[in-house]
>>> print(open('data_32.cif').read())   # mmCIF, C-alpha atoms
data_start
#
loop_
_atom_site.label_atom_id
_atom_site.label_comp_id
_atom_site.auth_asym_id
_atom_site.auth_seq_id
_atom_site.Cartn_x
_atom_site.Cartn_y
_atom_site.Cartn_z
CA MET A 129 -4.99 27.85 -20.28
CA SER A 130 -3.50 27.54 -16.87
CA PHE A 131 -2.77 24.38 -14.90
CA ILE A 132 -5.62 24.96 -12.45
CA GLY A 133 -7.93 26.26 -15.15
CA ASP A 134 -7.48 23.06 -17.15
CA ALA A 135 -8.13 20.97 -14.08
CA LEU A 136 -11.36 22.88 -13.46
CA THR A 137 -12.42 22.28 -17.06
CA ILE A 138 -11.97 18.54 -16.56
CA LEU A 139 -13.91 18.81 -13.31
CA ARG A 140 -16.73 20.60 -15.12
CA LYS A 141 -16.81 17.89 -17.74
CA ASP A 142 -17.20 15.19 -15.09
CA LEU A 143 -19.87 17.15 -13.25
CA LEU A 144 -21.83 17.60 -16.47
CA LEU A 145 -21.54 13.90 -17.26
CA GLU A 146 -22.71 13.04 -13.77
CA LEU A 147 -25.63 15.47 -13.94
CA ARG A 148 -26.78 13.97 -17.23
CA GLY A 149 -26.08 10.29 -16.61
CA ARG A 150 -26.20 10.09 -12.80
CA GLU A 151 -24.10 6.96 -12.88
CA SER A 152 -21.44 6.87 -10.20
CA LEU A 153 -22.90 9.12 -7.52
CA SER A 154 -26.24 7.34 -7.33
CA LEU A 155 -24.46 3.97 -7.17
CA MET A 156 -22.26 5.21 -4.34
CA LEU A 157 -25.19 6.60 -2.37
CA PHE A 158 -27.16 3.42 -2.82
CA LEU A 159 -24.27 1.20 -1.72
CA SER A 160 -23.59 3.28 1.37
CA LEU A 161 -27.24 3.14 2.38
CA LEU A 162 -27.22 -0.61 1.86
CA LEU A 163 -24.08 -1.03 3.95
CA LEU A 164 -25.55 1.15 6.70
CA VAL A 165 -28.60 -1.08 6.89
CA ILE A 166 -26.46 -4.23 6.97
CA PHE A 167 -24.20 -2.84 9.70
CA ASN A 168 -27.28 -1.77 11.60
CA PHE A 169 -28.77 -5.22 11.94
CA ALA A 170 -25.45 -7.07 12.00
CA LEU A 171 -23.95 -5.11 14.88
CA ASN A 172 -27.15 -4.36 16.76
CA PRO A 173 -26.03 -1.01 18.18
CA ASP A 174 -27.47 0.53 21.31
CA LYS A 175 -27.03 3.87 23.04
CA ASP A 176 -23.93 2.75 24.94
CA ASN A 177 -21.80 1.27 22.20
CA VAL A 178 -22.79 3.28 19.14
CA SER A 179 -20.25 6.05 19.73
CA SER A 180 -17.38 3.57 19.92
CA MET A 181 -18.47 1.79 16.72
CA ALA A 182 -19.43 4.83 14.69
CA SER A 183 -16.13 5.86 13.15
CA GLY A 184 -15.14 2.30 12.19
CA ILE A 185 -18.45 1.65 10.46
CA LEU A 186 -18.41 5.01 8.70
CA TRP A 187 -14.89 4.72 7.31
CA VAL A 188 -15.47 1.20 6.05
CA ILE A 189 -18.53 2.49 4.21
CA PHE A 190 -16.61 5.52 2.88
CA ALA A 191 -13.83 3.30 1.60
CA PHE A 192 -16.09 0.79 -0.14
CA SER A 193 -18.55 3.22 -1.65
CA GLY A 194 -15.58 5.30 -2.72
CA ILE A 195 -14.00 2.39 -4.56
CA LEU A 196 -17.22 1.80 -6.43
CA GLY A 197 -17.61 5.42 -7.48
CA MET A 198 -14.01 6.00 -8.46
CA GLY A 199 -13.91 2.76 -10.40
CA ARG A 200 -16.95 3.86 -12.41
CA MET A 201 -15.40 7.24 -13.13
CA SER A 202 -12.34 5.77 -14.76
CA VAL A 203 -14.27 3.07 -16.60
CA ALA A 204 -16.20 5.92 -18.20
CA GLU A 205 -12.84 7.35 -19.25
CA ARG A 206 -11.48 4.04 -20.59
CA ASP A 207 -14.67 3.13 -22.49
CA GLU A 208 -14.09 3.78 -26.16
CA ASP A 209 -10.74 5.29 -25.09
CA ALA A 210 -12.39 8.59 -24.22
CA TYR A 211 -9.30 9.69 -22.31
CA LEU A 212 -7.29 9.61 -25.55
CA SER A 213 -9.09 12.73 -26.73
CA VAL A 214 -7.94 14.42 -23.54
CA ILE A 215 -4.34 13.37 -24.20
CA PHE A 216 -4.50 14.85 -27.67
CA SER A 217 -5.94 18.09 -26.34
CA PRO A 218 -3.53 20.69 -24.95
CA VAL A 219 -4.48 19.71 -21.36
CA SER A 220 -1.47 18.36 -19.47
CA ALA A 221 -1.60 14.95 -17.81
CA GLU A 222 -1.18 16.60 -14.43
CA SER A 223 -4.16 18.91 -14.91
CA PHE A 224 -6.19 15.96 -16.13
CA TYR A 225 -5.29 14.02 -12.98
CA LEU A 226 -6.03 16.95 -10.72
CA GLY A 227 -9.41 17.54 -12.37
CA LYS A 228 -10.36 13.89 -12.01
CA ALA A 229 -9.19 13.84 -8.39
CA LEU A 230 -11.19 16.98 -7.58
CA GLY A 231 -14.27 15.38 -9.15
CA ASN A 232 -13.78 12.26 -7.07
CA LEU A 233 -13.23 14.37 -3.96
CA LEU A 234 -16.49 16.20 -4.55
CA PHE A 235 -18.52 13.03 -5.15
CA LEU A 236 -16.97 11.31 -2.16
CA MET A 237 -17.75 14.28 0.09
CA ILE A 238 -21.38 14.26 -1.08
CA MET A 239 -21.57 10.52 -0.41
CA GLU A 240 -20.05 10.99 3.05
CA CYS A 241 -22.48 13.74 4.08
CA PHE A 242 -25.32 11.54 2.89
CA THR A 243 -23.94 8.58 4.86
CA LEU A 244 -23.47 10.66 8.01
CA PHE A 245 -27.04 11.91 7.78
CA PHE A 246 -28.51 8.43 7.43
CA PHE A 247 -26.16 7.10 10.07
CA ALA A 248 -27.61 9.64 12.52
CA ILE A 249 -31.10 8.44 11.67
CA LEU A 250 -30.59 4.68 11.45
CA PHE A 251 -28.28 4.43 14.44
CA ASP A 252 -30.18 7.03 16.46
CA PHE A 253 -27.04 9.11 16.89
CA GLU A 254 -27.91 12.76 16.22
CA LYS A 255 -24.84 13.88 18.13
CA ILE A 256 -22.74 13.23 15.03
CA ILE A 257 -24.52 15.99 13.09
CA GLY A 258 -23.78 18.49 15.84
CA LEU A 259 -20.11 17.51 15.85
CA LEU A 260 -19.83 17.90 12.09
CA PRO A 261 -17.81 21.16 12.17
CA GLN A 262 -15.24 19.44 14.38
CA LEU A 263 -15.21 16.31 12.22
CA LEU A 264 -14.79 18.24 9.02
CA PRO A 265 -10.94 18.57 8.94
CA ALA A 266 -10.41 14.82 9.38
CA LEU A 267 -13.22 14.03 6.99
CA PHE A 268 -11.89 16.35 4.32
CA LEU A 269 -8.24 15.29 4.61
CA GLY A 270 -9.15 11.60 4.71
CA THR A 271 -11.37 11.96 1.66
CA LEU A 272 -8.67 13.89 -0.13
CA GLY A 273 -6.29 10.98 0.45
CA PHE A 274 -8.91 8.54 -0.84
CA SER A 275 -9.48 10.50 -4.00
CA LEU A 276 -5.78 11.14 -4.70
CA VAL A 277 -4.86 7.45 -4.47
CA GLY A 278 -8.17 6.25 -5.89
CA THR A 279 -7.93 8.37 -9.03
CA LEU A 280 -4.43 7.10 -9.73
CA PHE A 281 -5.22 3.45 -9.06
CA SER A 282 -8.54 3.38 -10.84
CA PHE A 283 -6.64 4.34 -13.97
CA LEU A 284 -4.11 1.62 -13.29
CA SER A 285 -6.61 -1.12 -12.65
CA THR A 286 -8.89 -0.45 -15.60
CA ALA A 287 -5.90 -1.00 -17.88
CA SER A 288 -5.47 -4.59 -16.71
CA ARG A 289 -7.57 -7.45 -17.91
CA TYR A 290 -9.21 -7.78 -14.49
CA GLY A 291 -10.60 -4.25 -14.82
CA GLU A 292 -12.17 -2.55 -11.84
CA ILE A 293 -12.07 -5.78 -9.81
CA LEU A 294 -8.38 -5.16 -9.22
CA LEU A 295 -8.94 -1.70 -7.74
CA PRO A 296 -9.64 -2.74 -4.12
CA PHE A 297 -6.55 -4.95 -4.04
CA LEU A 298 -4.29 -2.12 -5.08
CA TYR A 299 -6.10 0.72 -3.42
CA LEU A 300 -7.01 -0.52 0.05
CA PRO A 301 -3.51 -1.48 1.25
CA VAL A 302 -2.04 1.82 0.11
CA VAL A 303 -4.75 3.95 1.75
CA VAL A 304 -4.53 2.12 5.06
CA PRO A 305 -2.63 5.03 6.68
CA VAL A 306 -5.46 7.33 5.59
CA ILE A 307 -8.16 5.01 6.94
CA LEU A 308 -6.17 4.66 10.16
CA GLY A 309 -5.85 8.42 10.59
CA GLY A 310 -9.48 9.01 9.69
CA VAL A 311 -10.91 6.32 11.95
CA THR A 312 -8.76 7.24 14.94
CA SER A 313 -9.26 11.00 14.79
CA MET A 314 -13.00 10.66 14.25
CA ASP A 315 -13.21 8.18 17.08
CA MET A 316 -11.43 10.59 19.41
CA ILE A 317 -13.70 13.49 18.50
CA LEU A 318 -16.86 11.41 18.92
CA ASN A 319 -15.72 10.19 22.31
CA GLY A 320 -14.85 13.59 23.71
CA LYS A 321 -11.08 13.43 23.27
CA SER A 322 -10.82 15.98 20.47
CA GLY A 323 -7.59 17.33 21.97
CA GLU A 324 -5.70 14.18 20.95
CA ALA A 325 -7.09 14.10 17.42
CA GLY A 326 -4.71 16.81 16.17
CA LYS A 327 -1.77 14.42 15.80
CA TRP A 328 -3.82 12.14 13.57
CA ILE A 329 -5.07 14.99 11.46
CA GLN A 330 -1.44 16.02 10.93
CA LEU A 331 -0.65 12.48 9.84
CA LEU A 332 -3.49 12.67 7.31
CA ALA A 333 -2.15 15.95 5.97
CA VAL A 334 1.36 14.50 5.58
CA PHE A 335 0.06 11.48 3.66
CA ASP A 336 -2.11 13.66 1.45
CA MET A 337 0.89 15.74 0.48
CA LEU A 338 2.98 12.65 -0.20
CA TYR A 339 0.28 11.07 -2.36
CA LEU A 340 -0.34 14.30 -4.22
CA ALA A 341 3.35 14.77 -5.01
CA ILE A 342 3.91 11.16 -6.13
CA SER A 343 0.69 11.03 -8.15
CA LEU A 344 1.45 14.24 -9.99
CA LEU A 345 4.90 12.88 -10.83
CA VAL A 346 3.79 9.48 -12.09
CA PHE A 347 0.31 9.99 -13.56
CA ARG A 348 1.58 10.93 -17.02
CA TYR A 349 3.01 7.43 -17.41
CA LEU A 350 -0.42 5.90 -17.00
CA ILE A 351 -2.05 7.65 -19.91
CA GLU A 352 0.80 7.98 -22.33
CA GLU A 353 0.60 5.59 -25.26
CA MET B 256 28.55 -14.64 -18.33
CA LYS B 257 30.07 -12.53 -15.61
CA THR B 258 26.81 -12.94 -13.70
CA ASP B 259 27.15 -16.72 -13.88
CA ARG B 260 30.51 -16.57 -12.16
CA THR B 261 29.25 -14.20 -9.47
CA ILE B 262 26.33 -16.54 -8.84
CA THR B 263 28.72 -19.48 -8.42
CA ILE B 264 30.96 -17.54 -6.06
CA LEU B 265 28.01 -16.38 -3.96
CA PHE B 266 26.64 -19.91 -3.90
CA PHE B 267 29.84 -21.31 -2.41
CA LEU B 268 30.06 -18.38 -0.03
CA LEU B 269 26.55 -19.16 1.21
CA LEU B 270 27.44 -22.83 1.50
CA VAL B 271 29.88 -21.75 4.20
CA MET B 272 28.01 -18.81 5.70
CA MET B 273 24.54 -20.32 6.10
CA PRO B 274 25.50 -23.38 8.21
CA LEU B 275 27.92 -21.21 10.18
CA ASP B 276 25.15 -18.69 10.83
CA PHE B 277 22.83 -21.40 12.15
CA PHE B 278 25.65 -22.83 14.25
CA LEU B 279 26.30 -19.38 15.76
CA ILE B 280 22.61 -18.81 16.41
CA PHE B 281 21.93 -22.15 18.08
CA ARG B 282 25.27 -23.00 19.68
CA VAL B 283 27.32 -19.85 20.26
CA ALA B 284 24.83 -17.10 21.06
CA PRO B 285 23.96 -17.04 24.78
CA THR B 286 20.42 -17.90 25.86
CA GLU B 287 18.36 -14.85 26.68
CA LYS B 288 17.40 -14.64 30.36
CA VAL B 289 13.71 -13.81 30.10
CA MET B 290 12.60 -15.31 26.80
CA GLY B 291 14.88 -18.30 26.71
CA ASP B 292 15.63 -20.15 23.49
CA VAL B 293 12.70 -18.58 21.65
CA GLN B 294 14.66 -15.37 21.44
CA ARG B 295 17.03 -17.03 18.95
CA ILE B 296 14.41 -16.54 16.26
CA PHE B 297 15.28 -12.82 16.41
CA TYR B 298 18.48 -13.45 14.47
CA LEU B 299 16.48 -14.88 11.55
CA HIS B 300 13.51 -12.55 11.88
CA VAL B 301 15.57 -9.35 11.76
CA SER B 302 17.82 -10.67 8.97
CA LEU B 303 14.81 -11.62 6.86
CA ALA B 304 13.36 -8.17 7.47
CA LEU B 305 16.61 -6.64 6.24
CA GLY B 306 16.41 -8.82 3.10
CA ALA B 307 12.82 -7.72 2.46
CA PHE B 308 13.79 -4.09 2.96
CA LEU B 309 16.68 -4.41 0.48
CA ALA B 310 14.41 -6.10 -2.06
CA PHE B 311 11.62 -3.52 -1.82
CA THR B 312 14.17 -0.73 -2.07
CA GLY B 313 15.36 -2.46 -5.23
CA VAL B 314 11.80 -2.35 -6.60
CA PHE B 315 11.51 1.35 -5.74
CA VAL B 316 14.83 2.41 -7.26
CA SER B 317 14.50 0.34 -10.44
CA SER B 318 10.91 1.57 -10.90
CA ILE B 319 12.08 5.18 -10.79
CA ILE B 320 14.92 4.53 -13.20
CA PHE B 321 12.57 2.62 -15.49
CA LEU B 322 10.15 5.53 -15.80
CA TRP B 323 13.10 7.74 -16.55
CA LYS B 324 15.13 5.58 -18.95
CA LYS B 325 12.38 3.26 -20.31
CA LYS B 326 14.66 0.23 -20.43
CA ILE B 327 12.53 -2.91 -20.18
CA VAL B 328 15.32 -4.79 -18.39
CA LEU B 329 14.71 -2.57 -15.35
CA ASP B 330 11.22 -4.01 -15.15
CA SER B 331 12.71 -7.50 -14.85
CA VAL B 332 14.90 -6.15 -12.05
CA ALA B 333 11.88 -4.67 -10.26
CA GLY B 334 9.78 -7.81 -10.73
CA THR B 335 12.58 -10.03 -9.44
CA CYS B 336 13.15 -7.81 -6.39
CA ALA B 337 9.42 -7.75 -5.62
CA GLY B 338 9.30 -11.55 -5.65
CA ILE B 339 12.16 -11.78 -3.17
CA GLY B 340 10.59 -9.05 -1.04
CA VAL B 341 7.28 -10.91 -0.86
CA LEU B 342 9.06 -14.18 0.01
CA PHE B 343 11.09 -12.57 2.78
CA SER B 344 8.27 -10.51 4.24
CA THR B 345 6.12 -13.66 4.33
CA LEU B 346 8.88 -15.34 6.33
CA VAL B 347 9.18 -12.26 8.56
CA LEU B 348 5.47 -12.55 9.37
CA ILE B 349 5.74 -16.30 10.00
CA THR B 350 8.84 -16.11 12.22
CA GLY B 351 7.33 -13.15 14.10
CA SER B 352 4.18 -15.14 14.70
CA MET B 353 6.18 -18.14 15.95
CA TRP B 354 7.93 -15.89 18.45
CA ALA B 355 4.75 -14.10 19.51
CA ARG B 356 2.91 -17.33 20.42
CA PRO B 357 5.05 -18.17 23.50
CA ILE B 358 5.99 -14.58 24.40
CA TRP B 359 2.80 -12.59 23.81
CA ASN B 360 0.59 -15.66 24.11
CA VAL B 361 -1.07 -14.93 20.75
CA TRP B 362 -0.21 -15.69 17.11
CA TRP B 363 -1.26 -12.27 16.03
CA THR B 364 -2.11 -8.99 17.69
CA TRP B 365 -3.09 -5.54 16.43
CA ASP B 366 0.19 -3.78 16.84
CA PRO B 367 1.25 -0.91 14.53
CA ARG B 368 4.44 -2.66 13.42
CA LEU B 369 2.63 -5.91 12.66
CA LEU B 370 -0.16 -4.11 10.85
CA THR B 371 2.16 -2.03 8.68
CA VAL B 372 4.26 -5.05 7.66
CA LEU B 373 1.12 -6.97 6.75
CA ILE B 374 -0.06 -4.01 4.70
CA LEU B 375 3.31 -3.95 2.95
CA TRP B 376 2.78 -7.59 2.07
CA PHE B 377 -0.68 -6.84 0.65
CA ILE B 378 0.67 -3.96 -1.45
CA TYR B 379 3.19 -6.19 -3.19
CA ILE B 380 0.67 -8.99 -3.67
CA GLY B 381 -1.40 -6.36 -5.49
CA TYR B 382 1.70 -5.52 -7.49
CA PHE B 383 1.84 -9.10 -8.77
CA LEU B 384 -1.91 -9.22 -9.44
CA LEU B 385 -1.51 -6.16 -11.64
CA ARG B 386 1.48 -7.64 -13.45
CA GLY B 387 -0.49 -10.79 -14.16
CA GLY B 388 -3.32 -8.78 -15.66
CA ILE B 389 -1.55 -6.78 -18.35
CA ALA B 390 -0.42 -8.47 -21.54
CA ASP B 391 1.44 -5.59 -23.13
CA LYS B 392 5.03 -5.72 -21.87
CA PHE B 393 5.75 -2.04 -21.87
CA LYS B 394 2.45 -1.10 -20.27
CA LYS B 395 2.93 -3.76 -17.64
CA ALA B 396 6.36 -2.34 -16.83
CA GLN B 397 5.09 1.20 -16.67
CA TYR B 398 2.08 0.45 -14.50
CA SER B 399 3.92 -1.77 -12.09
CA ALA B 400 6.59 0.92 -11.74
CA VAL B 401 3.88 3.30 -10.52
CA ILE B 402 2.83 0.80 -7.84
CA GLY B 403 6.47 0.11 -7.01
CA ILE B 404 6.96 3.80 -6.27
CA ILE B 405 3.77 4.64 -4.40
CA GLY B 406 3.81 1.35 -2.48
CA TYR B 407 7.20 2.23 -1.05
CA VAL B 408 5.53 5.00 0.97
CA ASP B 409 4.66 2.26 3.45
CA ILE B 410 8.34 1.51 4.20
CA PRO B 411 8.97 4.62 6.34
CA VAL B 412 5.62 3.92 8.02
CA VAL B 413 6.89 0.44 8.94
CA ARG B 414 10.15 1.93 10.14
CA TYR B 415 8.59 4.62 12.34
CA ALA B 416 5.45 2.73 13.37
CA THR B 417 7.12 1.76 16.63
CA LYS B 418 7.92 5.42 17.34
CA TRP B 419 4.66 7.08 16.26
CA TRP B 420 2.31 4.74 18.04
CA ASN B 421 2.53 2.85 21.29
CA SER B 422 3.92 -0.37 19.93
CA ILE B 423 4.69 -3.49 21.92
CA HIS B 424 7.08 -4.69 19.22
CA PRO B 425 10.66 -4.99 20.58
CA LEU B 426 13.11 -2.35 19.40
CA LEU B 427 16.63 -3.48 18.64
CA SER B 428 18.08 -0.01 18.27
CA GLN B 429 16.81 0.98 21.70
CA GLU B 430 18.13 -2.09 23.45
CA GLY B 431 21.34 -1.99 21.44
CA GLY B 432 23.27 -0.50 24.34
CA GLY B 433 22.33 -3.35 26.63
CA LEU B 434 22.80 -6.09 24.03
CA ASP B 435 25.30 -8.78 24.96
CA PRO B 436 28.48 -8.37 22.83
CA VAL B 437 28.32 -11.99 21.63
CA MET B 438 24.64 -11.60 20.71
CA LYS B 439 25.50 -8.45 18.82
CA LYS B 440 28.22 -10.19 16.82
CA VAL B 441 25.96 -13.13 15.98
CA MET B 442 23.27 -10.69 14.87
CA LEU B 443 25.69 -8.82 12.63
CA PHE B 444 26.90 -12.06 11.08
CA SER B 445 23.33 -13.18 10.51
CA LEU B 446 22.50 -9.86 8.86
CA ALA B 447 25.51 -10.20 6.57
CA THR B 448 24.57 -13.77 5.65
CA PHE B 449 21.06 -12.79 4.68
CA ALA B 450 22.26 -9.76 2.75
CA VAL B 451 24.43 -12.14 0.69
CA LEU B 452 21.47 -14.51 0.32
CA THR B 453 19.32 -11.64 -0.97
CA ILE B 454 21.90 -10.69 -3.58
CA PHE B 455 22.36 -14.33 -4.57
CA LEU B 456 18.61 -14.91 -4.96
CA PHE B 457 18.30 -11.71 -6.93
CA LEU B 458 21.05 -12.59 -9.41
CA PHE B 459 19.76 -16.14 -9.73
CA ARG B 460 16.15 -15.16 -10.39
CA PHE B 461 17.16 -12.28 -12.61
CA ARG B 462 19.24 -14.60 -14.79
CA LEU B 463 16.25 -16.92 -15.02
CA ALA B 464 13.99 -14.03 -16.07
CA ARG B 465 16.47 -13.07 -18.79
CA ILE B 466 16.64 -16.65 -20.08
CA GLU B 467 12.85 -16.84 -20.17
CA GLU B 468 12.73 -13.64 -22.17
CA ARG B 469 15.27 -14.97 -24.65
CA LEU B 470 13.30 -18.19 -24.97
CA GLU B 471 10.17 -16.22 -25.79
CA ILE B 472 11.97 -14.27 -28.50
CA LEU B 473 13.31 -17.51 -29.98
CA LYS B 474 9.84 -19.07 -29.92
CA LYS B 475 8.42 -16.09 -31.73
CA LYS B 476 11.13 -16.30 -34.33
CA MET B 477 10.39 -19.97 -34.92
CA GLU B 478 6.70 -19.23 -35.38
CA ASP B 479 7.56 -16.62 -38.01
#
>>> encode(input="data_32.cif", output="C-alpha cells")
Amino acid sequence: MSFIGDALTILRKDLLLELRGRESLSLMLFLSLLLLVIFNFALNPDKDNVSSMASGILWVIFAFSGILGMGRMSVAERDEDAYLSVIFSPVSAESFYLGKALGNLLFLMIMECFTLFFFAILFDFEKIIGLLPQLLPALFLGTLGFSLVGTLFSFLSTASRYGEILLPFLYLPVVVPVILGGVTSMDMILNGKSGEAGKWIQLLAVFDMLYLAISLLVFRYLIEE
Amino acid sequence: MKTDRTITILFFLLLVMMPLDFFLIFRVAPTEKVMGDVQRIFYLHVSLALGAFLAFTGVFVSSIIFLWKKKIVLDSVAGTCAGIGVLFSTLVLITGSMWARPIWNVWWTWDPRLLTVLILWFIYIGYFLLRGGIADKFKKAQYSAVIGIIGYVDIPVVRYATKWWNSIHPLLSQEGGGLDPVMKKVMLFSLATFAVLTIFLFLFRFRLARIEERLEILKKKMED
C-alpha cells in the first residue's frame, strides 16, 4: 500500500471508532459549548465590543477543546498498547502519524464549525457565518497546525506518568505562533481589515510546513520500542 | 579527567573575567545619555541571552545526534544544556523586567520579543516536566529529544520577532553603527565572559550528571 493510502486507512479506523464509540468528538463539542456559555456571561458582550473579542474567545476555545479531543485520541491508542499492533503491521510510522493527524484535523474542524455556529447564536453575531468563506483559510491552516503538533505531543505525553495532564504544558507553548496567527488574521477579517490578514495566513502556512516536516522526521522515535 | 582540568582552568579564568566584566560595566563604560545608569543592565541582559541561546542550541544539536546515534550520554548533554538555558532565560526575563520598569514604566508589556522569550521559557519548563514523568531512561531520552528539536522552532521566532512585528524592544544590531566604541568593547567583553561562563557551567553540571549516573550503577550493583 502507498504512503497516503495507509494514512487514509488509519483515518478510516479512527472515524469508525468515533462513529461507534462517540468518545472524543462529543466531549470536544460539549466542552466548547460550555466554554462559550462561560465566556458569554463572564465577558458580557454587547453589539459594540463583540467583534473585537470574537477571535480571541474562539481561538481559546479551539485550543482547549482541541487538547481534550486529541488527548483522548491518543489515550485510546495507548490503552492496552493498541498502537503496537499498528507498529507490527506493514504501515509506516509516518503514515500512521499522518492518518492520526488527518483524523484530528477533521474532528477539530467539526468542533470549530459547531463552535462558530453557537457563537453566532449566543453572542448574537450572525455576521461571522457570512464571513465564513473568508475565514476559512486561516481557520484551516490554524487547525492544521493544532493537529500536527497535537498529534505528536499527545503521543509524547501519554507515555509519561502524568498522562494527558502533561499535554497542555507541552502543546500550548509550541503552538503559540499558530494561535497568534489565527487570532490576528481572524480579528482582521472580522473587523474589516481583510487586506492585512494575508501576512498572518502566510505565517500560519510556514509554521504548518515546519511542524509537518519535523513531525514526520521524529514521529517514528515515539512509537518504536 | 581531562574535563576536570578544563573545569579548573575555566574556573580561574572566570575568577579574573567576571569581576573585570563588572568593573568595566559599572566603572569604565560611559553613562548613556537618555536612559542613564539603567542602560548598564544591557551588558548583562544581552550576555545572558547569548548564554541561553548557546544552551538551547546545545539541546537542539545533541537531541538530533541522540536520535541518530542513540548514545544515552547525549541525553545527559541535552538535559544539562536545557537546565542552563532555563536558568539564563529566567535571568534574561528578570533583567529585562528590571530595565523596563524605569524606561517603559511597566514591569511587563505585550511585545513580540518579550512574548516569544517567555514562550521559549515555557517550552523548556515543559521539557523538564516530561523528563520528570518518564522512568525508562531510553524512552525519556528519546521523548525529550523530540521536544528539544521541535521546541527550537521558537528560536528563529525570537530572533526575528522584532523584524516581523512592530516591536518596541531595542535592537542592538540596528544601533550598532551609532554605538559608542567603548560601550561596544565592554559589550564584547561581557559577551565573551558569559560565553565562558556557559561553557564552565555546562562542563560542571555535565560532570555532576555523569557522577550521579555512576553512583546509580554502583548502587544497583550493591543491591544485586
>>> interface_residues(input="data_32.cif", of="chain B", to="chain A", cutoff="6 Å", atoms="all atoms listed in the file", output="compact mmCIF listing (two decimals) with C-alpha atoms, in the coordinates of the input")
# COMPACT_ATOMS: atom_id res chain seq x y z
CA ILE B 374 -0.06 -4.01 4.70
CA ILE B 378 0.67 -3.96 -1.45
CA GLY B 381 -1.40 -6.36 -5.49
CA GLY B 388 -3.32 -8.78 -15.66
CA ILE B 389 -1.55 -6.78 -18.35
>>> residues_around(input="data_32.cif", residues="B:Lys288", least_positions_apart="5", cutoff="12 Å", atoms="all atoms listed in the file", output="PyMOL selection string")
chain B and resi 293-295+434-435
>>> resolve_selection(input="data_32.cif", expression="the PyMOL selection byres ((chain A and resi 130) around 12)", output="list in words")
Met129, Phe131, Ile132, Gly133, Asp134, Ala135, Leu136, Thr137, Pro218, Val219, Ser220, Glu222, Ser223 and Phe224 of chain A
>>> resolve_selection(input="data_32.cif", expression="the PyMOL selection byres ((chain A and resi 229-235) around 7)", output="ChimeraX atom specification")
/A:139,142,153,198,225-228,236-239,271-272,275-276,279
>>> resolve_selection(input="data_32.cif", expression="the PyMOL selection byres ((chain A and resi 250) around 12)", output="list in words")
Leu161, Leu162, Leu163, Leu164, Val165, Ile166, Phe167, Asn168, Phe169, Asn172, Pro173, Asp174, Val178, Ala182, Thr243, Leu244, Phe245, Phe246, Phe247, Ala248, Ile249, Phe251, Asp252, Phe253 and Glu254 of chain A
>>> write_last_selection(input="data_32.cif", atoms="C-alpha atoms", output="PDB file, in the frame of the given file")
ATOM      1  CA  LEU A 161     -27.240   3.140   2.380  1.00  0.00           C
ATOM      2  CA  LEU A 162     -27.220  -0.610   1.860  1.00  0.00           C
ATOM      3  CA  LEU A 163     -24.080  -1.030   3.950  1.00  0.00           C
ATOM      4  CA  LEU A 164     -25.550   1.150   6.700  1.00  0.00           C
ATOM      5  CA  VAL A 165     -28.600  -1.080   6.890  1.00  0.00           C
ATOM      6  CA  ILE A 166     -26.460  -4.230   6.970  1.00  0.00           C
ATOM      7  CA  PHE A 167     -24.200  -2.840   9.700  1.00  0.00           C
ATOM      8  CA  ASN A 168     -27.280  -1.770  11.600  1.00  0.00           C
ATOM      9  CA  PHE A 169     -28.770  -5.220  11.940  1.00  0.00           C
ATOM     10  CA  ASN A 172     -27.150  -4.360  16.760  1.00  0.00           C
ATOM     11  CA  PRO A 173     -26.030  -1.010  18.180  1.00  0.00           C
ATOM     12  CA  ASP A 174     -27.470   0.530  21.310  1.00  0.00           C
ATOM     13  CA  VAL A 178     -22.790   3.280  19.140  1.00  0.00           C
ATOM     14  CA  ALA A 182     -19.430   4.830  14.690  1.00  0.00           C
ATOM     15  CA  THR A 243     -23.940   8.580   4.860  1.00  0.00           C
ATOM     16  CA  LEU A 244     -23.470  10.660   8.010  1.00  0.00           C
ATOM     17  CA  PHE A 245     -27.040  11.910   7.780  1.00  0.00           C
ATOM     18  CA  PHE A 246     -28.510   8.430   7.430  1.00  0.00           C
ATOM     19  CA  PHE A 247     -26.160   7.100  10.070  1.00  0.00           C
ATOM     20  CA  ALA A 248     -27.610   9.640  12.520  1.00  0.00           C
ATOM     21  CA  ILE A 249     -31.100   8.440  11.670  1.00  0.00           C
ATOM     22  CA  PHE A 251     -28.280   4.430  14.440  1.00  0.00           C
ATOM     23  CA  ASP A 252     -30.180   7.030  16.460  1.00  0.00           C
ATOM     24  CA  PHE A 253     -27.040   9.110  16.890  1.00  0.00           C
ATOM     25  CA  GLU A 254     -27.910  12.760  16.220  1.00  0.00           C
TER      26      GLU A 254
END
>>> residues_around(input="data_32.cif", residues="B:Phe278", least_positions_apart="6", cutoff="12 Å", atoms="all atoms listed in the file", output="PyMOL selection string")
chain B and resi 271-272+284+295+298+441+444-445
>>> residues_around(input="data_32.cif", residues="A:Leu259", least_positions_apart="3", cutoff="12 Å", atoms="all atoms listed in the file", output="list in words")
Leu244, Ala248, Phe253, Glu254, Lys255, Ile256, Gln262, Leu263, Leu264, Pro265, Ala266, Leu267, Met314, Asp315, Met316, Ile317, Leu318, Asn319, Gly320 and Ser322 of chain A
>>> atom_distance(input="data_32.cif", atom1="atom CA of B:Ser344", atom2="atom CA of B:Gly403")
15.6 Å
>>> atom_distance(input="data_32.cif", atom1="atom CA of A:Leu144", atom2="atom CA of A:Ile195")
20.8 Å
>>> axis_aligned_box(input="data_32.cif", around="stretch 242-250 of chain A", padding_each_side="6 Å", output="AutoDock Vina command-line options")
--center_x -27.3 --center_y 8.3 --center_z 7.7 --size_x 19.6 --size_y 19.2 --size_z 21.6
>>> atom_distance(input="data_32.cif", atom1="atom CA of B:Tyr379", atom2="atom CA of B:Val341")
6.7 Å
>>> residues_near_point(input="data_32.cif", point="(15.3, -0.2, -15.1)", cutoff="12 Å", atoms="all atoms listed in the file", output="MDAnalysis selection string")
chainID B and resid 313:336 393 396:397 399:400 403
>>> residues_around(input="data_32.cif", residues="B:Pro436", least_positions_apart="6", cutoff="12 Å", atoms="all atoms listed in the file", output="NGL selection string")
:B and (283-285 or 442-443)
>>> closest_residue(input="data_32.cif", among="B:Ile358, B:Met438, B:Ala464, B:Val451", to="B:Leu265", atoms="all atoms listed in the file")
B:Val451
>>> residues_near_point(input="data_32.cif", point="(5.5, -9.2, 6.3)", cutoff="9 Å", atoms="all atoms listed in the file", output="PyMOL selection string")
chain B and resi 304+307+340-349+351+369-377
